Amino acid sequence: MTGTAAVGPPRSLRRHLELPDPAPLLALNFGFARARVLGTALELGVFTELARAPRSALRLAEDLGCDGEALRRLLDALAELGLLEGDDDRGRRPTPLSCAYLVEGAKAGLGGHFAEVLGQWAAWGALTEVVRGGRRPASQPRRGLRPGLFGGAFTLSVRTAFALVDAVGPKPAGRVLDLAAGGGEWGIALAASDPEARVVAHDEPEFLAGVRARVEEFGVAHQFSYQEADLAHPPRTAEVGFDTVVLAHTSRFAGPGATARLVAEAARRLRPGGTLLIADVLRQPPGSSSLHRSMLDLSLYVTTVDGGIPEPSALRALMEKSGVTPKENATRGLVTALTGVKQERQ
């Protein structure tokens, strides 16, 4: 009996088998559809409705005023993404992940933040034209009209704020001004680190109601007072002499000119010897992990008039120009905290 030699794949097939796996490219190419699935579910209130009462796709379609077949396919896609579970017999319901972050009214809710980001859909659709022509937005909405962007990611940023306050202080925090407080996480972290601290949460009125609710949750409400603000026109007569001033998550949106004004305002509010704490997503040394900083930097180019991820050296230079001597710094994940001490009067 004569053996038969094994026959390998034809040469033309081998060339294809030797190529890199294209799966990562396919995932990128279809990423826009996954984002739109999430956005549509949030707009329709799918997670909130199913958290109230699990039900079939057909019953949910009736309750939401949607087409039954189209909604069934959307729910199937959400299940594939790990955002829904169950079936039409037992009732569709949100997964624990969706219950924690996507149901309206959840304490850790991120729905408003995701909706704000998904609202950039049209801007990203023009990316090719932006790159060809370098065209940026001519204007952008007032900060207070975007609470989901500047305050809606509290549940993500609060853990970073606590970690960085623990790393670089200041301790004790003393009298604190949380300038452009947003979600209030930095003032809360400083209050928790120093029971004697007294914090002024300063921002446009659209943010302060959320800060009030969060300080109650963290048990530091007795340490807080509130100051409504117009960040574009800070009053020269505002309270000064603070031990600590925080300026967090503003520079990358504001751009260099507005950042220079904000740093100067923060330094003006400090007492001599007080601490300025600037926290933001900053550029990292070559060879460091980017952790999506490049994507974020491109996003700021596409969606803001003058924003971008700042260089730490540029912020330190602004500190020094404003009479603040740079001191400690630390990075946790995407966020870097820079500290400096206001120079004594000569």
# chains A, B, ... in the order shown; residues from 1 in each chain; ligands from 1
>>> residues_around(residues="A:Ile309", least_positions_apart="6", cutoff="9 Å", atoms="only C-alpha atoms", output="ChimeraX atom specification")
/A:251-253,255,280-283,293-294,296-297,300
>>> residues_around(residues="A:Ala258", least_positions_apart="2", cutoff="12 Å", atoms="only C-alpha atoms", output="list in words")
Leu231, Ala232, His233, Pro234, Thr250, Ser251, Arg252, Phe253, Ala254, Gly255, Pro256, Ala260, Arg261, Leu262, Val263, Ala264, Glu265, Val305, Asp306, Gly307 and Leu318 of chain A
>>> select_by_dssp(residues="stretch 48-245 of chain A", states="helix (DSSP H, G or I)", output="VMD selection string")
chain A and resid 48 to 52 57 to 64 68 to 80 96 to 101 111 to 118 121 to 125 127 to 133 143 to 145 147 to 150 154 to 168 185 to 193 205 to 217 221 to 223
>>> residues_around(residues="A:Ala181", least_positions_apart="4", cutoff="6 Å", atoms="only C-alpha atoms", output="count of residues only")
3
>>> residues_around(residues="A:Arg92", least_positions_apart="2", cutoff="10 Å", atoms="only C-alpha atoms", output="list in words")
Phe47, Leu50, Ala51, Ala53, Pro54, Arg55, Ser56, Ala57, Leu60, Leu75, Asp76, Ala79, Leu84, Glu85, Gly86, Asp87, Asp88, Asp89, Arg90, Pro94 and Thr95 of chain A
>>> write_last_selection(atoms="N, CA, C and O atoms", output="mmCIF file, in the first residue's frame")
data_model
loop_
_atom_site.group_PDB
_atom_site.id
_atom_site.type_symbol
_atom_site.label_atom_id
_atom_site.label_comp_id
_atom_site.auth_asym_id
_atom_site.auth_seq_id
_atom_site.Cartn_x
_atom_site.Cartn_y
_atom_site.Cartn_z
ATOM 1 N N PHE A 47 -33.101 51.419 28.904
ATOM 2 C CA PHE A 47 -32.586 50.856 30.152
ATOM 3 C C PHE A 47 -33.460 51.245 31.340
ATOM 4 O O PHE A 47 -33.732 50.420 32.223
ATOM 5 N N LEU A 50 -36.837 49.230 31.204
ATOM 6 C CA LEU A 50 -36.698 47.812 31.537
ATOM 7 C C LEU A 50 -36.249 47.613 32.982
ATOM 8 O O LEU A 50 -36.491 46.553 33.564
ATOM 9 N N ALA A 51 -35.602 48.616 33.569
ATOM 10 C CA ALA A 51 -35.267 48.528 34.994
ATOM 11 C C ALA A 51 -36.522 48.634 35.853
ATOM 12 O O ALA A 51 -36.610 48.024 36.923
ATOM 13 N N ALA A 53 -39.563 47.581 34.908
ATOM 14 C CA ALA A 53 -40.310 46.327 34.753
ATOM 15 C C ALA A 53 -39.794 45.581 33.528
ATOM 16 O O ALA A 53 -39.948 46.077 32.404
ATOM 17 N N PRO A 54 -39.156 44.413 33.719
ATOM 18 C CA PRO A 54 -38.737 43.619 32.557
ATOM 19 C C PRO A 54 -39.941 43.269 31.692
ATOM 20 O O PRO A 54 -41.044 43.046 32.210
ATOM 21 N N ARG A 55 -39.743 43.242 30.402
ATOM 22 C CA ARG A 55 -40.852 42.917 29.502
ATOM 23 C C ARG A 55 -40.314 42.478 28.152
ATOM 24 O O ARG A 55 -39.124 42.594 27.869
ATOM 25 N N SER A 56 -41.183 41.975 27.313
ATOM 26 C CA SER A 56 -40.809 41.518 25.980
ATOM 27 C C SER A 56 -40.537 42.701 25.074
ATOM 28 O O SER A 56 -40.921 43.843 25.359
ATOM 29 N N ALA A 57 -39.885 42.427 23.951
ATOM 30 C CA ALA A 57 -39.612 43.477 22.974
ATOM 31 C C ALA A 57 -40.904 44.089 22.463
ATOM 32 O O ALA A 57 -41.013 45.320 22.318
ATOM 33 N N LEU A 60 -42.465 46.323 25.146
ATOM 34 C CA LEU A 60 -41.675 47.541 25.295
ATOM 35 C C LEU A 60 -41.905 48.468 24.102
ATOM 36 O O LEU A 60 -41.999 49.690 24.276
ATOM 37 N N LEU A 75 -32.791 45.537 20.690
ATOM 38 C CA LEU A 75 -32.592 44.855 21.970
ATOM 39 C C LEU A 75 -31.655 43.675 21.824
ATOM 40 O O LEU A 75 -30.829 43.409 22.709
ATOM 41 N N ASP A 76 -31.749 42.961 20.717
ATOM 42 C CA ASP A 76 -30.825 41.845 20.473
ATOM 43 C C ASP A 76 -29.385 42.355 20.381
ATOM 44 O O ASP A 76 -28.455 41.725 20.902
ATOM 45 N N ALA A 79 -28.142 43.163 23.799
ATOM 46 C CA ALA A 79 -27.790 41.935 24.515
ATOM 47 C C ALA A 79 -26.427 41.430 24.068
ATOM 48 O O ALA A 79 -25.604 40.991 24.885
ATOM 49 N N LEU A 84 -28.018 44.119 27.941
ATOM 50 C CA LEU A 84 -29.312 43.553 28.325
ATOM 51 C C LEU A 84 -29.172 42.061 28.499
ATOM 52 O O LEU A 84 -28.278 41.428 27.921
ATOM 53 N N GLU A 85 -30.086 41.478 29.280
ATOM 54 C CA GLU A 85 -30.143 40.029 29.431
ATOM 55 C C GLU A 85 -31.605 39.602 29.435
ATOM 56 O O GLU A 85 -32.514 40.422 29.386
ATOM 57 N N GLY A 86 -31.835 38.294 29.506
ATOM 58 C CA GLY A 86 -33.194 37.780 29.449
ATOM 59 C C GLY A 86 -33.653 37.588 28.016
ATOM 60 O O GLY A 86 -32.877 37.716 27.064
ATOM 61 N N ASP A 87 -34.934 37.273 27.854
ATOM 62 C CA ASP A 87 -35.496 37.064 26.522
ATOM 63 C C ASP A 87 -36.967 37.472 26.554
ATOM 64 O O ASP A 87 -37.482 37.937 27.576
ATOM 65 N N ASP A 88 -37.641 37.277 25.438
ATOM 66 C CA ASP A 88 -39.029 37.734 25.356
ATOM 67 C C ASP A 88 -39.971 36.902 26.226
ATOM 68 O O ASP A 88 -41.037 37.388 26.622
ATOM 69 N N ASP A 89 -39.603 35.663 26.532
ATOM 70 C CA ASP A 89 -40.450 34.832 27.391
ATOM 71 C C ASP A 89 -40.332 35.257 28.859
ATOM 72 O O ASP A 89 -41.324 35.384 29.573
ATOM 73 N N ARG A 90 -39.096 35.488 29.308
ATOM 74 C CA ARG A 90 -38.859 35.849 30.712
ATOM 75 C C ARG A 90 -38.822 37.356 30.936
ATOM 76 O O ARG A 90 -38.837 37.824 32.075
ATOM 77 N N PRO A 94 -32.057 45.052 32.077
ATOM 78 C CA PRO A 94 -30.675 45.539 32.020
ATOM 79 C C PRO A 94 -29.738 44.616 32.795
ATOM 80 O O PRO A 94 -30.126 44.024 33.811
ATOM 81 N N THR A 95 -28.506 44.509 32.339
ATOM 82 C CA THR A 95 -27.472 43.810 33.085
ATOM 83 C C THR A 95 -27.048 44.672 34.280
ATOM 84 O O THR A 95 -27.359 45.869 34.340
#
>>> select_by_dssp(residues="stretch 68-225 of chain A", states="strand (DSSP E)", output="list in words")
Leu84, Glu85, Gly86, Asp87, Gly91, Arg92, Arg93, Pro94, Arg175, Val176, Leu177, Asp178, Leu179, Arg198, Val199, Val200, Ala201, His202, Asp203, Phe224 and Ser225 of chain A
>>> residues_around(residues="stretch 287-289 of chain A", least_positions_apart="6", cutoff="12 Å", atoms="only C-alpha atoms", output="PDB file with all heavy atoms, in the first residue's frame")
ATOM      1  N   THR A 331       0.599  61.256  38.757  1.00  0.00           N
ATOM      2  CA  THR A 331      -0.323  60.842  37.698  1.00  0.00           C
ATOM      3  C   THR A 331      -1.005  59.555  38.111  1.00  0.00           C
ATOM      4  O   THR A 331      -0.353  58.625  38.603  1.00  0.00           O
ATOM      5  CB  THR A 331       0.421  60.625  36.367  1.00  0.00           C
ATOM      6  OG1 THR A 331       1.016  61.865  35.968  1.00  0.00           O
ATOM      7  CG2 THR A 331      -0.527  60.154  35.271  1.00  0.00           C
ATOM      8  N   ARG A 332      -2.315  59.510  37.926  1.00  0.00           N
ATOM      9  CA  ARG A 332      -3.092  58.301  38.134  1.00  0.00           C
ATOM     10  C   ARG A 332      -3.948  58.094  36.886  1.00  0.00           C
ATOM     11  O   ARG A 332      -4.836  58.895  36.597  1.00  0.00           O
ATOM     12  CB  ARG A 332      -3.991  58.407  39.376  1.00  0.00           C
ATOM     13  CG  ARG A 332      -3.227  58.552  40.693  1.00  0.00           C
ATOM     14  CD  ARG A 332      -2.461  57.286  41.055  1.00  0.00           C
ATOM     15  NE  ARG A 332      -1.804  57.398  42.357  1.00  0.00           N
ATOM     16  CZ  ARG A 332      -0.581  57.900  42.539  1.00  0.00           C
ATOM     17  NH1 ARG A 332       0.104  58.345  41.490  1.00  0.00           N
ATOM     18  NH2 ARG A 332      -0.049  57.966  43.750  1.00  0.00           N
ATOM     19  N   GLY A 333      -3.662  57.048  36.132  1.00  0.00           N
ATOM     20  CA  GLY A 333      -4.396  56.804  34.899  1.00  0.00           C
ATOM     21  C   GLY A 333      -4.168  57.930  33.918  1.00  0.00           C
ATOM     22  O   GLY A 333      -3.033  58.288  33.588  1.00  0.00           O
ATOM     23  N   LEU A 334      -5.254  58.552  33.463  1.00  0.00           N
ATOM     24  CA  LEU A 334      -5.165  59.642  32.488  1.00  0.00           C
ATOM     25  C   LEU A 334      -4.838  60.997  33.116  1.00  0.00           C
ATOM     26  O   LEU A 334      -4.432  61.918  32.411  1.00  0.00           O
ATOM     27  CB  LEU A 334      -6.506  59.783  31.746  1.00  0.00           C
ATOM     28  CG  LEU A 334      -6.753  58.879  30.545  1.00  0.00           C
ATOM     29  CD1 LEU A 334      -8.200  59.019  30.089  1.00  0.00           C
ATOM     30  CD2 LEU A 334      -5.811  59.215  29.407  1.00  0.00           C
TER      31      LEU A 334
END
>>> residues_around(residues="A:Ala115", least_positions_apart="5", cutoff="10 Å", atoms="only C-alpha atoms", output="VMD selection string")
chain A and resid 38 to 40 42 to 43 110 120 148 to 149 152
